[in-house]
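Visitor: What follows is protein11.cif, mmCIF, C-alpha atoms.
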```cif
data_model
loop_
_atom_site.label_atom_id
_atom_site.label_comp_id
_atom_site.auth_asym_id
_atom_site.auth_seq_id
_atom_site.Cartn_x
_atom_site.Cartn_y
_atom_site.Cartn_z
CA MET A 1 0.00 0.00 0.00
CA SER A 2 1.47 3.39 -0.92
CA ILE A 3 1.20 6.52 1.23
CA PRO A 4 -0.67 9.45 -0.40
CA SER A 5 1.64 12.37 -1.04
CA SER A 6 -0.77 14.64 0.85
CA PHE A 7 0.04 12.95 4.15
CA PRO A 8 2.37 14.96 6.39
CA ARG A 9 5.63 13.19 7.22
CA LEU A 10 6.49 13.38 10.87
CA ASN A 11 9.66 13.37 12.92
CA LEU A 12 10.18 10.18 14.87
CA THR A 13 10.68 10.04 18.61
CA GLY A 14 10.68 6.27 19.13
CA PHE A 15 13.51 3.84 18.68
CA GLY A 16 13.93 0.16 17.97
CA LEU A 17 15.00 -2.39 20.55
CA LEU A 18 16.56 -5.58 19.25
CA LEU A 19 19.29 -7.36 21.19
CA CYS A 20 21.56 -9.83 19.46
CA GLY A 21 23.07 -12.71 21.44
CA PHE A 22 26.69 -13.34 22.21
CA LEU A 23 28.79 -14.03 19.16
CA ALA A 24 31.06 -17.06 18.96
CA SER A 25 34.03 -14.80 19.65
CA GLY A 26 32.56 -13.90 23.03
CA SER A 27 31.85 -10.26 22.15
CA THR A 28 28.35 -8.78 22.41
CA ALA A 29 26.66 -7.11 19.46
CA VAL A 30 23.67 -4.79 19.81
CA ALA A 31 21.63 -4.03 16.70
CA GLN A 32 18.93 -1.38 16.54
CA THR A 33 15.97 -1.90 14.25
CA PRO A 34 14.89 1.39 12.63
CA PRO A 35 11.59 2.66 14.03
CA PRO A 36 8.49 2.84 11.83
CA SER A 37 7.53 6.11 10.16
CA LEU A 38 4.11 7.59 10.92
CA ALA A 39 1.94 9.71 8.66
CA PHE A 40 -1.56 11.10 9.23
CA GLY A 41 -4.39 11.52 6.78
CA SER A 42 -7.77 13.08 7.50
CA SER A 43 -9.11 9.88 9.07
CA GLU A 44 -6.28 7.36 9.24
CA VAL A 45 -2.81 6.76 10.60
CA VAL A 46 -0.23 5.02 8.42
CA ALA A 47 2.89 3.23 9.61
CA SER A 48 5.62 2.47 7.08
CA GLY A 49 8.97 0.75 7.34
CA VAL A 50 7.53 -2.18 9.31
CA THR A 51 8.25 -5.89 8.89
CA PRO A 52 6.76 -7.01 5.55
CA GLY A 53 3.78 -9.25 6.21
CA GLY A 54 3.98 -8.47 9.92
CA ARG A 55 1.65 -6.94 12.48
CA VAL A 56 1.62 -3.41 13.87
CA VAL A 57 0.19 -2.36 17.22
CA PHE A 58 -1.42 1.08 17.07
CA PHE A 59 -2.20 2.84 20.35
CA ALA A 60 -3.19 6.41 21.15
CA VAL A 61 -4.69 8.66 23.78
CA THR A 62 -6.60 11.71 22.61
CA GLN A 63 -8.25 14.79 24.02
CA GLU A 64 -11.17 15.77 21.83
CA ILE A 65 -12.62 19.23 22.45
CA SER A 66 -16.33 19.81 21.84
CA GLU A 67 -17.89 23.07 20.67
CA ASP A 68 -18.60 24.02 24.30
CA GLU A 69 -14.90 23.44 25.07
CA VAL A 70 -15.38 20.27 27.08
CA ALA A 71 -12.49 17.84 26.71
CA THR A 72 -13.32 14.14 26.25
CA LEU A 73 -10.59 11.54 26.73
CA HIS A 74 -10.42 8.60 24.34
CA ARG A 75 -8.19 5.60 23.77
CA ARG A 76 -7.60 4.28 20.27
CA ASP A 77 -5.99 0.89 19.72
CA GLY A 78 -5.76 -1.95 17.26
CA VAL A 79 -3.46 -4.45 15.60
CA ARG A 80 -3.24 -4.33 11.83
CA ILE A 81 -1.59 -6.82 9.46
CA ASP A 82 0.55 -5.95 6.46
CA ALA A 83 -1.49 -8.21 4.16
CA ASP A 84 0.28 -7.23 0.93
CA GLY A 85 3.81 -7.38 2.36
CA ASP A 86 4.88 -3.87 1.38
CA GLY A 87 5.89 -2.77 4.87
CA VAL A 88 3.05 -0.24 5.10
CA VAL A 89 0.04 -0.61 7.40
CA SER A 90 -2.90 1.75 7.93
CA PHE A 91 -5.31 2.22 10.83
CA ASP A 92 -8.64 3.67 9.70
CA LEU A 93 -10.23 5.72 12.49
CA GLY A 94 -13.60 6.12 10.81
CA GLY A 95 -13.51 9.82 11.58
CA PRO A 96 -11.21 12.85 11.88
CA VAL A 97 -7.81 12.53 13.50
CA ALA A 98 -7.83 14.37 16.84
CA GLN A 99 -5.11 16.99 16.87
CA ARG A 100 -4.39 16.73 20.60
CA ALA A 101 -3.11 13.18 20.82
CA ILE A 102 -0.13 10.92 21.40
CA TRP A 103 0.24 8.08 18.89
CA LEU A 104 2.33 4.94 19.19
CA ALA A 105 3.07 2.31 16.54
CA VAL A 106 4.98 -0.85 17.46
CA ASP A 107 6.30 -3.40 14.96
CA LEU A 108 5.22 -6.55 16.77
CA ALA A 109 7.89 -8.67 15.09
CA THR A 110 10.86 -6.58 16.26
CA GLY A 111 9.66 -4.27 19.02
CA ALA A 112 10.74 -1.21 17.01
CA TYR A 113 8.38 1.66 17.74
CA ALA A 114 7.57 5.29 17.06
CA LEU A 115 5.93 7.83 19.37
CA THR A 116 4.64 11.08 17.92
CA THR A 117 1.80 13.60 17.72
CA PRO A 118 -0.37 14.57 14.74
CA ASN A 119 1.38 17.95 14.37
CA GLY A 120 4.82 16.34 14.35
CA ASP A 121 5.99 17.54 17.75
CA PRO A 122 7.55 14.89 19.99
CA PRO A 123 5.27 13.90 22.86
CA SER A 124 6.09 14.80 26.43
CA GLN A 125 7.94 11.79 27.83
CA SER A 126 8.12 11.21 31.56
CA VAL A 127 9.08 8.58 34.13
CA PHE A 128 7.02 6.58 36.59
CA VAL A 129 6.12 8.42 39.79
CA GLY A 130 6.79 5.71 42.35
CA GLU A 131 7.67 2.06 41.88
CA GLY A 132 6.97 1.60 38.15
CA LEU A 133 7.48 -2.04 37.15
CA VAL A 134 7.14 -4.28 40.18
CA LEU A 135 7.87 -7.98 40.56
CA GLY A 136 5.03 -9.90 42.22
CA ALA A 137 5.32 -10.72 45.91
CA PRO A 138 4.71 -13.08 47.53
CA VAL A 139 5.70 -15.79 45.07
CA GLY A 140 2.74 -16.48 42.82
CA ALA A 141 1.41 -12.93 42.84
CA PRO A 142 1.36 -11.26 39.40
CA ASP A 143 3.85 -8.60 38.42
CA SER A 144 2.37 -5.12 38.26
CA ILE A 145 2.80 -1.50 37.26
CA GLU A 146 2.52 1.07 40.05
CA ASP A 147 2.38 4.82 39.58
CA ALA A 148 1.39 7.80 41.75
CA ARG A 149 -0.97 9.10 39.09
CA THR A 150 -4.74 8.71 39.26
CA PHE A 151 -5.66 7.68 35.72
CA LEU A 152 -3.59 5.82 33.14
CA GLU A 153 -3.86 3.90 29.89
CA VAL A 154 -1.20 1.18 30.03
CA LEU A 155 0.06 -1.01 27.19
CA LEU A 156 2.28 -4.10 27.44
CA VAL A 157 3.85 -5.38 24.23
CA ARG A 158 5.71 -8.67 24.07
CA PRO A 159 7.54 -8.65 20.70
CA GLY A 160 6.78 -11.69 18.59
CA VAL A 161 3.73 -12.55 20.70
CA ALA A 162 0.95 -10.03 21.36
CA ALA A 163 -0.09 -6.79 23.07
CA TRP A 164 -2.34 -6.24 26.08
CA ALA A 165 -3.78 -3.07 27.62
CA ARG A 166 -5.58 -1.80 30.70
CA THR A 167 -7.37 1.40 31.71
CA VAL A 168 -6.59 2.07 35.37
CA ALA A 169 -8.32 4.62 37.62
CA ASP A 170 -7.45 5.25 41.24
CA GLY A 171 -9.83 3.29 43.48
CA GLY A 172 -11.73 1.83 40.53
CA THR A 173 -12.39 -1.79 39.68
CA THR A 174 -9.22 -1.95 37.59
CA ASP A 175 -6.99 -0.60 40.39
CA ALA A 176 -5.41 -3.71 41.92
CA ASP A 177 -5.17 -2.22 45.43
CA ALA A 178 -8.83 -1.05 45.29
CA LYS A 179 -7.92 2.03 47.34
CA VAL A 180 -8.44 5.72 46.69
CA ASP A 181 -4.91 6.68 47.60
CA GLY A 182 -3.67 8.95 44.82
CA ALA A 183 -1.97 6.11 42.95
CA VAL A 184 -2.80 3.18 40.71
CA GLU A 185 -1.65 -0.43 40.57
CA ALA A 186 -2.18 -2.49 37.42
CA ALA A 187 -1.68 -6.25 37.76
CA ILE A 188 -0.52 -7.39 34.33
CA ASP A 189 -2.41 -10.68 34.37
CA ALA A 190 -5.67 -8.66 34.27
CA PHE A 191 -4.75 -6.89 31.01
CA SER A 192 -6.90 -7.49 27.91
CA GLN A 193 -5.42 -8.52 24.59
CA ILE A 194 -5.69 -6.01 21.77
CA ASP A 195 -7.37 -7.45 18.67
CA PRO A 196 -7.18 -11.19 19.48
CA ASP A 197 -8.58 -12.07 16.04
CA THR A 198 -5.41 -13.97 15.18
CA GLY A 199 -5.84 -16.11 18.31
CA ALA A 200 -6.48 -15.37 21.96
CA ILE A 201 -3.36 -15.23 24.12
CA PRO A 202 -3.84 -14.74 27.88
CA ALA A 203 -2.04 -11.83 29.48
CA PRO A 204 1.22 -12.86 31.16
CA THR A 205 1.61 -13.13 34.90
CA ARG A 206 5.31 -12.26 34.80
CA PHE A 207 7.31 -9.70 32.87
CA ALA A 208 9.76 -11.02 30.30
CA ALA A 209 12.99 -9.13 29.68
CA GLN A 210 11.95 -8.17 26.14
CA ASP A 211 8.59 -6.69 27.20
CA LEU A 212 7.88 -3.07 26.31
CA VAL A 213 5.67 -1.03 28.62
CA PHE A 214 3.98 2.25 27.70
CA SER A 215 2.01 4.26 30.24
CA PHE A 216 -0.08 7.17 28.97
CA ASP A 217 -1.55 9.93 31.15
CA PRO A 218 -4.38 11.28 28.96
CA MET A 219 -4.95 14.28 31.24
CA SER A 220 -1.41 15.67 31.25
CA MET A 221 -0.68 14.12 27.83
CA GLU A 222 2.53 12.50 29.01
CA VAL A 223 3.88 9.04 28.20
CA VAL A 224 6.33 6.73 29.93
CA ALA A 225 8.15 4.29 27.64
CA THR A 226 10.34 1.57 29.16
CA SER A 227 11.21 -2.11 28.98
CA ALA A 228 11.29 -4.88 31.56
CA THR A 229 15.08 -5.03 31.29
CA THR A 230 15.03 -2.09 33.72
CA LEU A 231 13.97 -4.46 36.52
CA VAL A 232 16.72 -5.25 39.01
CA GLY A 233 18.26 -8.53 37.95
CA GLY A 234 16.05 -8.67 34.85
CA ALA A 235 12.58 -10.14 34.47
CA ARG A 236 11.94 -13.77 35.28
#
```
Please, can you express the file's structure as structure tokens?
Guide:
Amino acid sequence: MSIPSSFPRLNLTGFGLLLCGFLASGSTAVAQTPPPSLAFGSSEVVASGVTPGGRVVFFAVTQEISEDEVATLHRRDGVRIDADGDGVVSFDLGGPVAQRAIWLAVDLATGAYALTTPNGDPPSQSVFVGEGLVLGAPVGAPDSIEDARTFLEVLLVRPGVAAWARTVADGGTTDADAKVDGAVEAAIDAFSQIDPDTGAIPAPTRFAAQDLVFSFDPMSMEVVATSATTLVGGAR
């Protein structure tokens, strides 16, 4: 699929993560997979430079302003397949692209990703406020994501496998600690798979070292992007 010339080309703020194993010589090689490119039309988002024939995870948080200046928060997500093998995948929104938004596209085969906004500015990237990625305790408890924010859209991508997401509100039914305490806790085994049309895969209980985690605050329009390799000692 070709990209219409009318689509604006945007600067990329994401990067690829692909670790190569130890070579026979004993040295370590690290290769980076180029991130996808994102372009926006009037009602669709197009990712190019992805694995031919592969799958792309699209994820976004938007603030849509009504005529009476009331902001409505939305989450957009989906997995799309490069059916014709040209390395270009589109996500049809069925309506106008919100201008106040953060968009993410992840090449599910490699973990290479791009984060951007419809006007081309890089999104505001932040860090977890609090624990962040947490290993389950006691033994048998699921790993989780903890943050001293009150409302988050969280995405977990396991390259080569699938993607799962969760909307978490402080004290709500999706907040694992069930307390109104100014923070949220998202147990990863309660996440829901995005577009399981290619086969349902249950959410993991434990982080794997290659997992990518994205946490979006749709009120402040900030995003945290990290991987489970940041856990002390690595994921199990």
Visitor: Report as a VMD selection string the residues that result from applying the PyMOL selection byres ((chain A and resi 135) around 12) to the structure here.
Guide: chain A and resid 131 to 134 136 to 146 186 to 188 205 to 208 228 230 to 236
Visitor: So, counting all atoms listed in the file, which residue among A:Pro123, A:Gly54, A:Pro118, A:Pro35 is closest to Phe216 of chain A?
Guide: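 Checking each of A:Pro123, A:Gly54, A:Pro118, A:Pro35 against Phe216 of chain A, counting all atoms listed in the file, the winner is A:Pro123.
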Visitor: Using only C-alpha atoms for the distances, tell me which of A:Ala109, A:Leu155, A:Ala83, A:Val46 is nearest to Ile194 of chain A.
Guide: A:Leu155
Visitor: Quick one: of A:Ser227, A:Ser215, A:Thr110, A:Thr117, who's nearest to Arg55 of chain A, counting all atoms listed in the file?
Guide: A:Thr110
Visitor: Up to 10 Å from (4.8, -10.2, 5.8) in the file's coordinates: name the residues, counting all atoms listed in the file, as a list in words.
Guide: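 Selection result: Val50, Thr51, Pro52, Gly53, Gly54, Arg55, Ile81, Asp82, Ala83, Asp84, Gly85, Asp86, Gly87 and Ala109 of chain A.
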Visitor: Suppose a student applies the PyMOL selection byres ((chain A and resi 91) around 6) to this structure; what residues should they get, written as a list of chain:residue names?
Guide: A:Glu44, A:Val45, A:Ser90, A:Asp92
Visitor: Can you list, as a PDB file with C-alpha atoms, keeping the file's coordinate frame, every protein, DNA or RNA residue that comes within 12 Å of segment 174-177 of chain A when you count all atoms listed in the file, leaving out same-chain residues fewer than 5 positions away?
Guide:
```
ATOM      1  CA  ALA A 141       1.410 -12.930  42.840  1.00  0.00           C
ATOM      2  CA  PRO A 142       1.360 -11.260  39.400  1.00  0.00           C
ATOM      3  CA  ASP A 143       3.850  -8.600  38.420  1.00  0.00           C
ATOM      4  CA  SER A 144       2.370  -5.120  38.260  1.00  0.00           C
ATOM      5  CA  ILE A 145       2.800  -1.500  37.260  1.00  0.00           C
ATOM      6  CA  GLU A 146       2.520   1.070  40.050  1.00  0.00           C
ATOM      7  CA  ASP A 147       2.380   4.820  39.580  1.00  0.00           C
ATOM      8  CA  ALA A 148       1.390   7.800  41.750  1.00  0.00           C
ATOM      9  CA  ARG A 149      -0.970   9.100  39.090  1.00  0.00           C
ATOM     10  CA  THR A 150      -4.740   8.710  39.260  1.00  0.00           C
ATOM     11  CA  PHE A 151      -5.660   7.680  35.720  1.00  0.00           C
ATOM     12  CA  LEU A 152      -3.590   5.820  33.140  1.00  0.00           C
ATOM     13  CA  GLU A 153      -3.860   3.900  29.890  1.00  0.00           C
ATOM     14  CA  VAL A 154      -1.200   1.180  30.030  1.00  0.00           C
ATOM     15  CA  ALA A 165      -3.780  -3.070  27.620  1.00  0.00           C
ATOM     16  CA  ARG A 166      -5.580  -1.800  30.700  1.00  0.00           C
ATOM     17  CA  THR A 167      -7.370   1.400  31.710  1.00  0.00           C
ATOM     18  CA  VAL A 168      -6.590   2.070  35.370  1.00  0.00           C
ATOM     19  CA  ALA A 169      -8.320   4.620  37.620  1.00  0.00           C
ATOM     20  CA  GLY A 182      -3.670   8.950  44.820  1.00  0.00           C
ATOM     21  CA  ALA A 183      -1.970   6.110  42.950  1.00  0.00           C
ATOM     22  CA  VAL A 184      -2.800   3.180  40.710  1.00  0.00           C
ATOM     23  CA  GLU A 185      -1.650  -0.430  40.570  1.00  0.00           C
ATOM     24  CA  ALA A 186      -2.180  -2.490  37.420  1.00  0.00           C
ATOM     25  CA  ALA A 187      -1.680  -6.250  37.760  1.00  0.00           C
ATOM     26  CA  ILE A 188      -0.520  -7.390  34.330  1.00  0.00           C
ATOM     27  CA  ASP A 189      -2.410 -10.680  34.370  1.00  0.00           C
ATOM     28  CA  ALA A 190      -5.670  -8.660  34.270  1.00  0.00           C
ATOM     29  CA  PHE A 191      -4.750  -6.890  31.010  1.00  0.00           C
ATOM     30  CA  SER A 192      -6.900  -7.490  27.910  1.00  0.00           C
TER      31      SER A 192
END
```
Visitor: For this file, the PyMOL selection byres ((chain A and resi 116) around 7) selects which residues, as a list in words?
Guide: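 Taken on the displayed file, the PyMOL selection byres ((chain A and resi 116) around 7) yields the residues Leu12, Thr13, Ile102, Trp103, Leu104, Ala114, Leu115, Thr117, Pro118, Gly120, Asp121, Pro122 and Pro123 of chain A.
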Visitor: Calculated over all atoms listed in the file, which of the candidates A:Ser48, A:Lys179, A:Thr62, A:Arg158 has the smallest distance to Pro204 of chain A?
Guide: A:Arg158
Visitor: Once you count only C-alpha atoms, which residues end up no further than 10 Å from (-3.6, -7.2, 21.9) in the file's frame, shown as a list in words?
Guide: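 Final list of nearby residues, as requested, is Val57, Phe58, Asp77, Gly78, Val79, Leu155, Leu156, Val157, Arg158, Val161, Ala162, Ala163, Trp164, Ala165, Phe191, Ser192, Gln193, Ile194, Asp195, Pro196, Asp197, Thr198, Gly199, Ala200, Ile201, Pro202 and Ala203 of chain A.
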